[in-house]
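Peer 1: Take a look at this one; I'll ask things after.
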Amino acid sequence: MTTTRRSFVQGSLAAGALTAAPARLRAQTTPPVSRTIRAVLHGDLRVFDPVWTTANMTSYHAAMVYDTLFGVDDKFEPKPQMVSKYSLSDDRKSYSFELRDGLRFTDGTPVTARDCVASIRRWGARDGGGQHMMARLADTPVKDDKSFQLVMKEPYSLAVEWLAKAATNACYIMREKEAQTDPMQQIQTIIGSGPFVMNQDAVVQGQRYVYDKNPNYVPRSEPAVFTSGGKVVNVDRVVYENIADEATAIAAIRAGEIDMIEYPNVDLLSSLEGEKEIKLEVLNKQGQLGWARVNWLHPPFNNVKARQAMLYLIHPTEVMKATFGDEKYFKGCSSLFGMGTPMENDANIDWFKGGQNIEKARQLVKESGYDGRPVVVLHATNIAYMNNAANLIAQWMRQAGFNVSLQASDWGAVITRRAVKSPPDQGGWNVFFTSGSVNAFGNPVALSGHAANGEKGWFGWPTDEKHEAFRDKWAAASNDAERRQIARDMQQNAWDFVPHMYYGQWFQPAALRNLTGLIGMPELIPFWNVRKG
Amino acid sequence: MLSYIAQRLAQTLLVMTLVGIFVFLLLHFSAGDPAAIIAGDYATPQQIVAIRQRLGLDDPLLVQFWRWAARVLSGDLGVSIFSNTPVSRLILQRLEPTLSLALLTMLFAVGIAVSLGVIAAWRVGSLVDRALMGFSVLGFSMPAFVVGYGLIYIFAIELRWLPVQGYKPLADGLGPWLLHLILPTVTLGLAYIALIARMTRASMLEVLEEDYIRTAKAKGVTTKTMLMKHALKNAGVPIITVIGIGVALLIGGVVITETVFNIPGIGRLVVDAISKRDYPIIQGVILLFSGIYVLVNLLVDLSYSLIDPRIRY
């Protein structure tokens with residue numbers, strides 16, 4: 001048989017038609033682009049269990065597929081979400097909760113009080129706030145399918161606040177079956193009762209995560225505010241696209257291939273100017289806080305004078321300018337609890353008001369008795385703001401008299417090394433830089449980095465008994481006014497012993513293409529309430 | 001011939017074993033702890049230690065190696081530390097985009113490069129020759145990410161002819177599949193074209209000096225027949241060799257090209273795995289890549305006897 005040009009063309013067309021056929025079949029189940037939001041978020045979704053990790057991407061995922069007993073409004077006040085009504089006894093020792101009607105998991109089973117208790121117990125084993133509550137919990141009696149209690153050993157006012165918090169780890173409600181998984185093991189099945197269902201057949205791990213509207217979800221009737229109110233879904237599908245290359249993501253939103261970039265590269269923002277359909281909007285109005293952790297276990301930062309020197313030598317504006325350029329996207333931070341949080345205050349901030357003072361820092365370094373040994377600064381080069389912070393602060397440290405050894409690596413290596421407690425010349429470290437959501441800094445108990453309980457605490461291992469007493473007192477306070485006063489006292493003390501330093505607070509805008517109704521809040525990108533077009 | 005193939009396959013296994021050991025040691029001696037990455041930024045050291053124990057990362061290196069090697073020998077590449085998904089499934093999920101990109105690039109690059117090399121050799125010293133060789137130097141010197149961004153800007157953003165990023169499976173239709181692969185193929189193919197074109201030109205120039213070419217010309221053979229039948233076939237062995245060696249270039253290029261064009265292939269898989277220290281994925285993919293490379297070069301060796309009957313194994 002001879003292959004002619006005509007038979008080749010006929011064969012090719014037939015093959016093309018055959019390969020195209022499944023696409024037509026699939027089109028029946030794939031929502032149109034106008035009903036699909038394609039979002040590039042800040043990272044890859046690596047773990048699906050919101051109890052097992054504190055990674056924010058996992059929390060984003062969890063907010064799609066699970067619901068919470070309480071949400072928060074824009075004043076961070078808890079509001080019932082899955083709960084219809086609740087009460088706290090007069091002696092502040094017994095909470096009673098009742099679930100609202102219509103709550104169902106995506107497998108069709110109703111959400112029961114037993115699911116809630118099991119979920120609270122698993123979450124409480126891992127989360128900072130949860131652990132604080134569980135240490136004071138006596139019992140969790142289940143009255144019926146819709147009602148349960150938290151009975152405390154002592155008067156306690158924070159339970160609802162912990163259950164409502166949006167910061168990781170948030171208390172998402174799973175089926176009892178999954179919630180009984182060892183908290184140190186990942187759950188294997190993703191079944192929630194949230195506004196979306198994860199379409200696991202369409203997921204390409206590391207690349208694309210697909211969420212379809214949950215047709216059985218019954219939203220509350222109140223308007224959506226942060227994580228409270230009605231989680232009304234206005235699209236059919238949300239896709240998290242993991243585009244690792246920032247320039248490609250920018251090009252994709254310009255070409256209309258994606259609808260949102262959570263954190264577009266600041267250097268490339270100018271290329272979005274003039275694009276009529278794209279707007280830049282700061283979603284997290286509280287922003288992110290950059291902090292420097294110093295190692296309390298070894299010289300020179302086991303001496304308070306050396307730590308105070310660090311307060312004086314950091315120039316937040318310069319660090320922020322190097323990364324974010326435009327001053328509308330950043331500011332300095334003088335409060336231990338971040339700027340713009342309910343606990344923000346101005347106690348003991350003379351070091352900040354005076355601005356950078358290298359001379360004073362040099363004097364404090366001398367007073368600390370620093371002997372000139374190398375100070376190991378961990379330098380994550382693959383994250384722009386950390387890279388700039390390390391380069392600039394290391395230089396100011398040198399000017400203040402520290403013999404700095406700037407040790408470059410990627411962030412993955414930094415987070416391994418920061419756990420090493422050995423002396424810096426034996427694989428340990430003296431300074432590393434990281435960041436966190438300002439919202440998390442606003443809570444002195446929930447954020448593990450606020451602890452000053454020595455080697456049991458977070459990396460850097462600061463120790464201060466007075467600080468720990470303040471934290472306990474804050475947790476036991478019965479109202480916000482009392483908490484604010486304790487927070488003030490805590491900061492007064494903290495900027496004397498200096499647990500850590502801040503190098504700036506920033507508000508990175510998101511790029512949105514034809515999206516309206518997106519709720520801007522810390523810790524989360526909620527995809528309910530959003531409309532496309 | 002058969003004993004040669006058996007011998008080469010045995011060598012392949014040896015090479016892959018050495019690669020396996022080397023990669024395992026390299027990964028475990030390099031800085032980075034998957035447990036710390038999994039735990040998240042606010043996790044306490046105690047939580048990280050607990051995850052390390054769960055994952056068996058605290059076991060002696062030899063125990064970890066043996067565990068991995070025993071699995072690999074039984075055909076199991078292990079499970080991703082992060083997603084709990086079998087590595088073989090992750091690789092299979094990513095195989096189509098990478099194979100599509102690599103094969104299309106190879107077809108595109110070899111077709112163009114050999115033609116350019118033959119023309120340059122035929123018109124040696126002319127403006128055409130200089131232009132073609134200048135182009136090949138440029139193609140070889142320009143990093144894939146620069147070429148990629150340039151092409152995206154022109155063809156996807158300004159002209160809107162082609163998509164910026166992503167991949168459509170062949171099952172979605174030939175058109176969308178091809179449309180999404182044009183820019184990545186050109187990006188990845190440039191360096192490959194440059195390499196093969198230069199080798200083709202050099203090899204052809206050598207052959208064109210041979211007596212039998214002069215004889216063919218004297219007999220009045222047409223230029224086309226002389227170039228394609230007499231010269232190119234005899235110049236084939238070095239060209240095929242460089243195509244085989246270039247597979248390594250292609251594998252390296254795939255990693256960058258897939259990242260620039262957001263193609264969910266094996267290159268992206270391994271880059272992501274490296275950033276989060278997902279050891280089983282990195283080990284599995286490198287074993288696969290090294291296996292492919294060794295096997296391609298085995299095929300290249302075997303093809304010599306087809307091109308040149310004097311070569312026997």
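Lettering and numbering for the structure tokens are positional, with chains as A, B, ... in the shown order, residues counted from 1 in each chain, and ligands counted from 1 in the shown order.
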What's the 12 Å shell around Tyr167 (chain B), counting only C-alpha atoms, without same-chain residues fewer than 3 positions away, as JSON, numbers by chain?

Peer 2: {"A": [204, 207, 208], "B": [94, 96, 97, 98, 100, 101, 162, 163, 164, 170, 171, 172, 173, 174, 175, 176, 177, 178, 179, 180, 181, 182, 183, 184, 258, 259, 261, 262, 263, 264, 265]}

Peer 1: Can you list, as a ChimeraX atom specification, every residue of region 199-340 of chain A that DSSP puts in alpha helix (DSSP H)?

Peer 2: /A:246-254,304-313,316-324

Peer 1: Write the residues of the selection above to a file with N, CA, C and O atoms, as a tab-separated table (two decimals), in the first residue's frame.

Peer 2:
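Written file, result-v8.tsv:
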```
chain	number	residue	atom	x	y	z
A	246	GLU	N	6.92	34.19	38.51
A	246	GLU	CA	6.13	35.41	38.73
A	246	GLU	C	5.89	36.18	37.43
A	246	GLU	O	4.80	36.74	37.23
A	247	ALA	N	6.87	36.22	36.56
A	247	ALA	CA	6.70	36.95	35.30
A	247	ALA	C	5.64	36.26	34.44
A	247	ALA	O	4.84	36.93	33.76
A	248	THR	N	5.61	34.95	34.46
A	248	THR	CA	4.60	34.21	33.70
A	248	THR	C	3.21	34.50	34.25
A	248	THR	O	2.25	34.67	33.49
A	249	ALA	N	3.10	34.55	35.57
A	249	ALA	CA	1.79	34.84	36.18
A	249	ALA	C	1.30	36.22	35.76
A	249	ALA	O	0.12	36.41	35.42
A	250	ILE	N	2.20	37.19	35.74
A	250	ILE	CA	1.83	38.55	35.32
A	250	ILE	C	1.37	38.54	33.85
A	250	ILE	O	0.35	39.12	33.50
A	251	ALA	N	2.14	37.83	33.03
A	251	ALA	CA	1.77	37.76	31.60
A	251	ALA	C	0.41	37.07	31.46
A	251	ALA	O	-0.42	37.47	30.63
A	252	ALA	N	0.17	36.04	32.27
A	252	ALA	CA	-1.09	35.29	32.17
A	252	ALA	C	-2.30	36.14	32.56
A	252	ALA	O	-3.35	36.06	31.93
A	253	ILE	N	-2.14	36.99	33.57
A	253	ILE	CA	-3.29	37.82	33.96
A	253	ILE	C	-3.50	38.92	32.91
A	253	ILE	O	-4.64	39.29	32.61
A	254	ARG	N	-2.44	39.38	32.31
A	254	ARG	CA	-2.59	40.39	31.25
A	254	ARG	C	-3.31	39.79	30.04
A	254	ARG	O	-4.11	40.45	29.39
A	304	VAL	N	21.28	41.18	76.97
A	304	VAL	CA	20.20	42.11	76.62
A	304	VAL	C	20.70	43.34	75.86
A	304	VAL	O	20.02	43.88	74.99
A	305	LYS	N	21.94	43.78	76.17
A	305	LYS	CA	22.47	44.99	75.51
A	305	LYS	C	22.64	44.74	74.00
A	305	LYS	O	22.39	45.61	73.18
A	306	ALA	N	23.10	43.54	73.68
A	306	ALA	CA	23.28	43.21	72.26
A	306	ALA	C	21.93	43.19	71.54
A	306	ALA	O	21.81	43.62	70.39
A	307	ARG	N	20.92	42.69	72.23
A	307	ARG	CA	19.58	42.64	71.61
A	307	ARG	C	19.03	44.07	71.46
A	307	ARG	O	18.41	44.40	70.44
A	308	GLN	N	19.27	44.89	72.47
A	308	GLN	CA	18.80	46.29	72.37
A	308	GLN	C	19.52	47.00	71.22
A	308	GLN	O	18.92	47.82	70.52
A	309	ALA	N	20.77	46.65	71.01
A	309	ALA	CA	21.52	47.26	69.89
A	309	ALA	C	20.81	46.99	68.57
A	309	ALA	O	20.74	47.85	67.69
A	310	MET	N	20.27	45.80	68.44
A	310	MET	CA	19.56	45.44	67.20
A	310	MET	C	18.34	46.33	66.98
A	310	MET	O	18.01	46.69	65.85
A	311	LEU	N	17.66	46.70	68.05
A	311	LEU	CA	16.49	47.58	67.93
A	311	LEU	C	16.89	48.91	67.30
A	311	LEU	O	16.17	49.47	66.48
A	312	TYR	N	18.06	49.40	67.73
A	312	TYR	CA	18.49	50.73	67.26
A	312	TYR	C	19.08	50.71	65.86
A	312	TYR	O	19.09	51.72	65.18
A	313	LEU	N	19.62	49.59	65.45
A	313	LEU	CA	20.33	49.63	64.16
A	313	LEU	C	19.45	49.33	62.95
A	313	LEU	O	19.81	49.64	61.81
A	316	PRO	N	13.65	50.23	59.33
A	316	PRO	CA	12.59	49.52	58.60
A	316	PRO	C	12.28	50.14	57.24
A	316	PRO	O	12.07	49.43	56.25
A	317	THR	N	12.26	51.48	57.17
A	317	THR	CA	11.90	52.13	55.90
A	317	THR	C	12.86	51.73	54.79
A	317	THR	O	12.44	51.45	53.66
A	318	GLU	N	14.14	51.68	55.12
A	318	GLU	CA	15.13	51.34	54.11
A	318	GLU	C	14.97	49.88	53.66
A	318	GLU	O	15.07	49.56	52.48
A	319	VAL	N	14.71	49.00	54.63
A	319	VAL	CA	14.53	47.58	54.29
A	319	VAL	C	13.31	47.42	53.39
A	319	VAL	O	13.34	46.73	52.36
A	320	MET	N	12.24	48.08	53.77
A	320	MET	CA	10.99	47.95	53.01
A	320	MET	C	11.11	48.56	51.63
A	320	MET	O	10.62	48.03	50.64
A	321	LYS	N	11.80	49.72	51.57
A	321	LYS	CA	11.95	50.41	50.28
A	321	LYS	C	12.70	49.51	49.28
A	321	LYS	O	12.40	49.49	48.10
A	322	ALA	N	13.69	48.79	49.81
A	322	ALA	CA	14.48	47.92	48.92
A	322	ALA	C	13.61	46.85	48.27
A	322	ALA	O	13.88	46.42	47.15
A	323	THR	N	12.55	46.45	48.95
A	323	THR	CA	11.72	45.37	48.40
A	323	THR	C	10.45	45.89	47.73
A	323	THR	O	10.07	45.44	46.66
A	324	PHE	N	9.80	46.84	48.40
A	324	PHE	CA	8.47	47.23	47.94
A	324	PHE	C	8.42	48.59	47.24
A	324	PHE	O	7.39	48.97	46.71
```

Peer 1: Set out as CSV a contact list for chain B and chain A with a cut-off of 8 Å, giving each residue of chain B that qualifies its closest atom pair and distance in Å to one decimal, counting only C-alpha atoms, ordered by chain and rising residue number.

Peer 2:
```
residue,atom,partner,partner_atom,distance
B:Ala31,CA,A:Ala413,CA,5.0
B:Gly32,CA,A:Ala413,CA,4.2
B:Asp33,CA,A:Thr416,CA,5.2
B:Ala36,CA,A:Thr416,CA,6.2
B:Ile37,CA,A:Gly412,CA,6.9
B:Ile38,CA,A:Thr53,CA,6.2
B:Ala39,CA,A:Thr53,CA,4.7
B:Gly40,CA,A:Ala55,CA,4.5
B:Asp41,CA,A:Thr54,CA,6.6
B:Tyr42,CA,A:Thr54,CA,6.2
B:Ala43,CA,A:Thr54,CA,6.6
B:Thr44,CA,A:Trp458,CA,5.4
B:Pro45,CA,A:Ala419,CA,6.4
B:Gln46,CA,A:Lys456,CA,7.9
B:Ala50,CA,A:Met184,CA,7.3
B:Ile51,CA,A:Met184,CA,6.9
B:Arg54,CA,A:Met184,CA,7.9
B:Phe82,CA,A:Arg46,CA,5.8
B:Ser83,CA,A:Val47,CA,5.9
B:Leu90,CA,A:Gln205,CA,7.5
B:Gln93,CA,A:Val204,CA,7.5
B:Tyr149,CA,A:Thr248,CA,7.8
B:Ile152,CA,A:Ala251,CA,7.6
B:Tyr153,CA,A:Ala251,CA,7.6
B:Ala156,CA,A:Ala255,CA,7.1
B:Ile157,CA,A:Ala255,CA,5.8
B:Arg160,CA,A:Ala255,CA,7.5
B:Pro163,CA,A:Ala255,CA,7.8
B:Val164,CA,A:Ala252,CA,5.7
B:Gln165,CA,A:Ala252,CA,6.8
B:Leu170,CA,A:Thr19,CA,6.6
B:Ala171,CA,A:Thr19,CA,5.0
B:Asp172,CA,A:Ala23,CA,4.4
B:Gly173,CA,A:Ala20,CA,3.8
B:Leu174,CA,A:Gly16,CA,5.6
B:Thr259,CA,A:Asp245,CA,6.4
B:Val260,CA,A:Asp245,CA,6.0
B:Phe261,CA,A:Thr248,CA,6.8
B:Asn262,CA,A:Ile243,CA,5.8
B:Pro264,CA,A:Gln207,CA,6.0
B:Leu269,CA,A:Gly206,CA,6.9
B:Asp272,CA,A:Gly206,CA,7.2
B:Ser275,CA,A:Gly412,CA,6.7
B:Lys276,CA,A:Gly412,CA,6.6
B:Arg277,CA,A:Gly412,CA,7.7
```

Peer 1: Could you tell me how far CA of Thr36 (chain A) lies from CA of Asn265 (chain A), in Å and to one decimal?

Peer 2: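 These two atoms are separated by 23.8 Å.
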
Peer 1: Please provide the set of residues having any atom within 10 Å of Met133 (chain B), restricted to only C-alpha atoms, with same-chain residues fewer than 6 positions apart removed, written as JSON, numbers by chain.

Peer 2: {"B": [116, 117, 120, 127, 139, 194, 197, 198, 201]}

Peer 1: Distance CA of Asp472 (chain A)-CA of Arg92 (chain A), one decimal place?

Peer 2: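 The value is 16.5 Å.
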
Peer 1: Would you kindly return, as number ranges by chain, each protein, DNA or RNA residue with an atom no farther than 8 Å from any atom of Ser94 (chain A), considering only C-alpha atoms and excluding same-chain residues fewer than 2 positions away?

Peer 2: A: 88-89, 91-92, 96, 149-152

Peer 1: Pick out the residues sitting within 6 Å of region 279-295 of chain A, and hand them over as number ranges by chain; count only C-alpha atoms, and ignore anything fewer than 6 positions along from it in its own chain.

Peer 2: A: 430-438, 460, 500-507, 509-512, 520-522
